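Printed here is entry_14.cif (mmCIF, C-alpha atoms):
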```cif
data_coords
loop_
_atom_site.group_PDB
_atom_site.id
_atom_site.type_symbol
_atom_site.label_atom_id
_atom_site.label_comp_id
_atom_site.auth_asym_id
_atom_site.auth_seq_id
_atom_site.Cartn_x
_atom_site.Cartn_y
_atom_site.Cartn_z
ATOM 1 C CA MET A 204 -6.254 4.303 -3.533
ATOM 2 C CA LEU A 205 -2.838 3.118 -2.423
ATOM 3 C CA ASP A 206 -2.512 0.719 -5.352
ATOM 4 C CA SER A 207 -3.491 3.407 -7.864
ATOM 5 C CA ALA A 208 -0.969 5.863 -6.432
ATOM 6 C CA LYS A 209 1.802 3.259 -6.467
ATOM 7 C CA LEU A 210 1.054 2.453 -10.113
ATOM 8 C CA TRP A 211 1.101 6.147 -11.121
ATOM 9 C CA LYS A 212 4.431 6.636 -9.382
ATOM 10 C CA ARG A 213 5.806 3.741 -11.447
ATOM 11 C CA GLY A 214 4.508 5.364 -14.630
ATOM 12 C CA VAL A 215 1.439 3.139 -15.057
ATOM 13 C CA PRO A 216 -1.856 5.030 -15.442
ATOM 14 C CA ALA A 217 -4.497 3.844 -12.985
ATOM 15 C CA VAL A 218 -7.880 4.854 -11.627
ATOM 16 C CA ALA A 219 -9.040 4.493 -8.034
ATOM 17 C CA VAL A 220 -12.589 3.287 -7.433
ATOM 18 C CA ALA A 221 -14.506 4.186 -4.268
ATOM 19 C CA PHE A 222 -18.045 4.005 -2.965
ATOM 20 C CA ASP A 223 -19.546 7.454 -2.475
ATOM 21 C CA THR A 224 -19.551 6.906 1.288
ATOM 22 C CA PHE A 225 -15.737 6.684 1.198
ATOM 23 C CA LEU A 226 -15.011 9.539 -1.216
ATOM 24 C CA VAL A 227 -13.789 11.963 1.456
ATOM 25 C CA ALA A 228 -11.439 9.306 2.850
ATOM 26 C CA ALA A 229 -10.164 8.475 -0.637
ATOM 27 C CA LYS A 230 -9.443 12.142 -1.396
ATOM 28 C CA ASP A 231 -7.708 12.584 1.965
ATOM 29 C CA GLN A 232 -5.560 9.540 1.286
ATOM 30 C CA ALA A 233 -4.656 10.838 -2.181
ATOM 31 C CA LYS A 234 -3.579 14.162 -0.666
ATOM 32 C CA ALA A 235 -1.529 12.368 1.989
ATOM 33 C CA MET A 236 0.297 10.502 -0.793
ATOM 34 C CA ALA A 237 1.024 13.816 -2.577
ATOM 35 C CA MET A 238 -1.269 12.849 -5.459
ATOM 36 C CA PRO A 239 -4.418 14.939 -4.958
ATOM 37 C CA ASP A 240 -5.335 14.831 -8.661
ATOM 38 C CA ILE A 241 -5.386 11.068 -9.087
ATOM 39 C CA PRO A 242 -8.623 10.080 -10.856
ATOM 40 C CA ILE A 243 -11.270 8.534 -8.616
ATOM 41 C CA VAL A 244 -14.383 6.893 -10.026
ATOM 42 C CA VAL A 245 -17.204 7.143 -7.502
ATOM 43 C CA ILE A 246 -19.796 4.397 -7.279
ATOM 44 C CA PRO A 247 -23.015 4.934 -5.309
ATOM 45 C CA HIS A 248 -23.139 2.591 -2.324
ATOM 46 C CA LEU A 249 -25.474 -0.368 -2.671
ATOM 47 C CA LYS A 250 -28.973 0.076 -1.332
ATOM 48 C CA ALA A 251 -31.462 -2.463 -0.051
ATOM 49 C CA GLY A 252 -33.798 -3.787 -2.709
ATOM 50 C CA GLU A 253 -31.492 -3.252 -5.665
ATOM 51 C CA THR A 254 -31.664 -5.893 -8.350
ATOM 52 C CA PRO A 255 -28.797 -7.610 -10.144
ATOM 53 C CA GLU A 256 -29.681 -5.443 -13.155
ATOM 54 C CA ASP A 257 -29.206 -2.300 -11.049
ATOM 55 C CA PHE A 258 -25.780 -3.556 -10.040
ATOM 56 C CA ARG A 259 -24.898 -4.446 -13.648
ATOM 57 C CA ARG A 260 -25.883 -0.961 -14.850
ATOM 58 C CA ARG A 261 -23.781 0.637 -12.145
ATOM 59 C CA ALA A 262 -20.790 -1.548 -13.035
ATOM 60 C CA GLU A 263 -21.113 -0.695 -16.742
ATOM 61 C CA GLU A 264 -21.230 3.023 -15.965
ATOM 62 C CA ALA A 265 -18.159 2.744 -13.759
ATOM 63 C CA PHE A 266 -16.315 0.741 -16.422
ATOM 64 C CA ALA A 267 -17.060 3.413 -19.022
ATOM 65 C CA GLU A 268 -15.761 6.128 -16.703
ATOM 66 C CA ILE A 269 -12.626 4.146 -15.823
ATOM 67 C CA THR A 270 -11.756 3.493 -19.462
ATOM 68 C CA ALA A 271 -12.378 7.159 -20.313
ATOM 69 C CA HIS A 272 -9.888 8.244 -17.631
ATOM 70 C CA LEU A 273 -7.312 5.759 -18.881
ATOM 71 C CA ARG A 274 -7.739 6.865 -22.507
ATOM 72 C CA LEU A 275 -7.457 10.553 -21.666
ATOM 73 C CA GLY A 276 -4.415 10.222 -19.445
ATOM 74 C CA ARG A 277 -3.402 12.906 -17.004
ATOM 75 C CA PRO A 278 -0.351 15.007 -17.949
ATOM 76 C CA ALA A 279 0.022 16.381 -14.413
ATOM 77 C CA LEU A 280 0.051 12.898 -12.950
ATOM 78 C CA GLN A 281 2.446 11.693 -15.610
ATOM 79 C CA ALA A 282 4.843 14.436 -14.517
ATOM 80 C CA VAL A 283 4.538 13.297 -10.895
ATOM 81 C CA ALA A 284 5.176 9.735 -12.000
ATOM 82 C CA GLY A 285 8.444 10.862 -13.597
ATOM 83 C CA ARG A 286 7.377 10.447 -17.220
#
```
Hey, can you dump this file as structure tokens for me?
Amino acid sequence: MLDSAKLWKRGVPAVAVAFDTFLVAAKDQAKAMAMPDIPIVVIPHLKAGETPEDFRRRAEEAFAEITAHLRLGRPALQAVAGR
């Protein structure tokens, strides 16, 4: 989260990635950094018995969501970043 916020403040679009078990903490940290709207891609935490294919599918889904956020941009965040 910290790295994503620092990048946005420098004018570089970024996306934070967090396991679902840490989503509340990630949102709290974003608020504390005065960037409550920073995009966060949530990944379900790994579970016992998952296969490498399960992990690959999850990574591909996250990648698609990350690239979508970066393509769309966030005007409100760009304003915060001083753009």
Report task. Quick one: pull the distance between atom CA of Ile246 of chain A and atom CA of Glu264 of chain A, Å, one decimal. Result ->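 These atoms are spaced 8.9 Å apart.
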Report as a PDB file with C-alpha atoms, keeping the file's coordinate frame all protein, DNA and RNA residues lying within 12 Å of Val227 of chain A, evaluated on all atoms listed in the file, omitting residues in the same chain fewer than 5 positions from it.
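This went into out39.pdb:
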```pdb
ATOM      1  CA  MET A 204      -6.254   4.303  -3.533  1.00  0.00           C
ATOM      2  CA  ALA A 221     -14.506   4.186  -4.268  1.00  0.00           C
ATOM      3  CA  PHE A 222     -18.045   4.005  -2.965  1.00  0.00           C
ATOM      4  CA  GLN A 232      -5.560   9.540   1.286  1.00  0.00           C
ATOM      5  CA  ALA A 233      -4.656  10.838  -2.181  1.00  0.00           C
ATOM      6  CA  LYS A 234      -3.579  14.162  -0.666  1.00  0.00           C
ATOM      7  CA  PRO A 239      -4.418  14.939  -4.958  1.00  0.00           C
ATOM      8  CA  ILE A 243     -11.270   8.534  -8.616  1.00  0.00           C
ATOM      9  CA  VAL A 245     -17.204   7.143  -7.502  1.00  0.00           C
TER      10      VAL A 245
END
```
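The residue that comes closest to His248 of chain A, out of A:Lys230, A:Ala235, A:Phe225, A:Thr270 and on the basis of all atoms listed in the file, is A:Phe225.
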Query raised in the report: What does the distance from atom CA of Ala271 of chain A to atom CA of Ala228 of chain A come to in Å, to one decimal?
Result: 23.3 Å
Query raised in the report: Nearest to Thr224 of chain A among A:Leu249, A:Ile269, A:Ala262, A:Leu275, with distances taken over all atoms listed in the file: which residue is it?
Result: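 Between A:Leu249, A:Ile269, A:Ala262, A:Leu275, the residue approaching Thr224 of chain A most closely is A:Leu249.
If you look at atom CA of Trp211 of chain A and atom CA of Asp231 of chain A, they are 17.0 Å away from each other.
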Requested in this report: Find the residue from A:Leu273, A:Ala229, A:Val244, A:Met236 that sits nearest to Lys209 of chain A; use all atoms listed in the file when measuring.
Outcome: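 The shortest atom-to-atom distance to Lys209 of chain A comes from A:Met236.
The residues returned by the PyMOL selection byres ((chain A and resi 207) around 9) on the shown structure are Met204, Leu205, Asp206, Ala208, Lys209, Leu210, Trp211, Lys212, Val215, Pro216, Ala217, Val218, Ala219, Ile241 and Pro242 of chain A.
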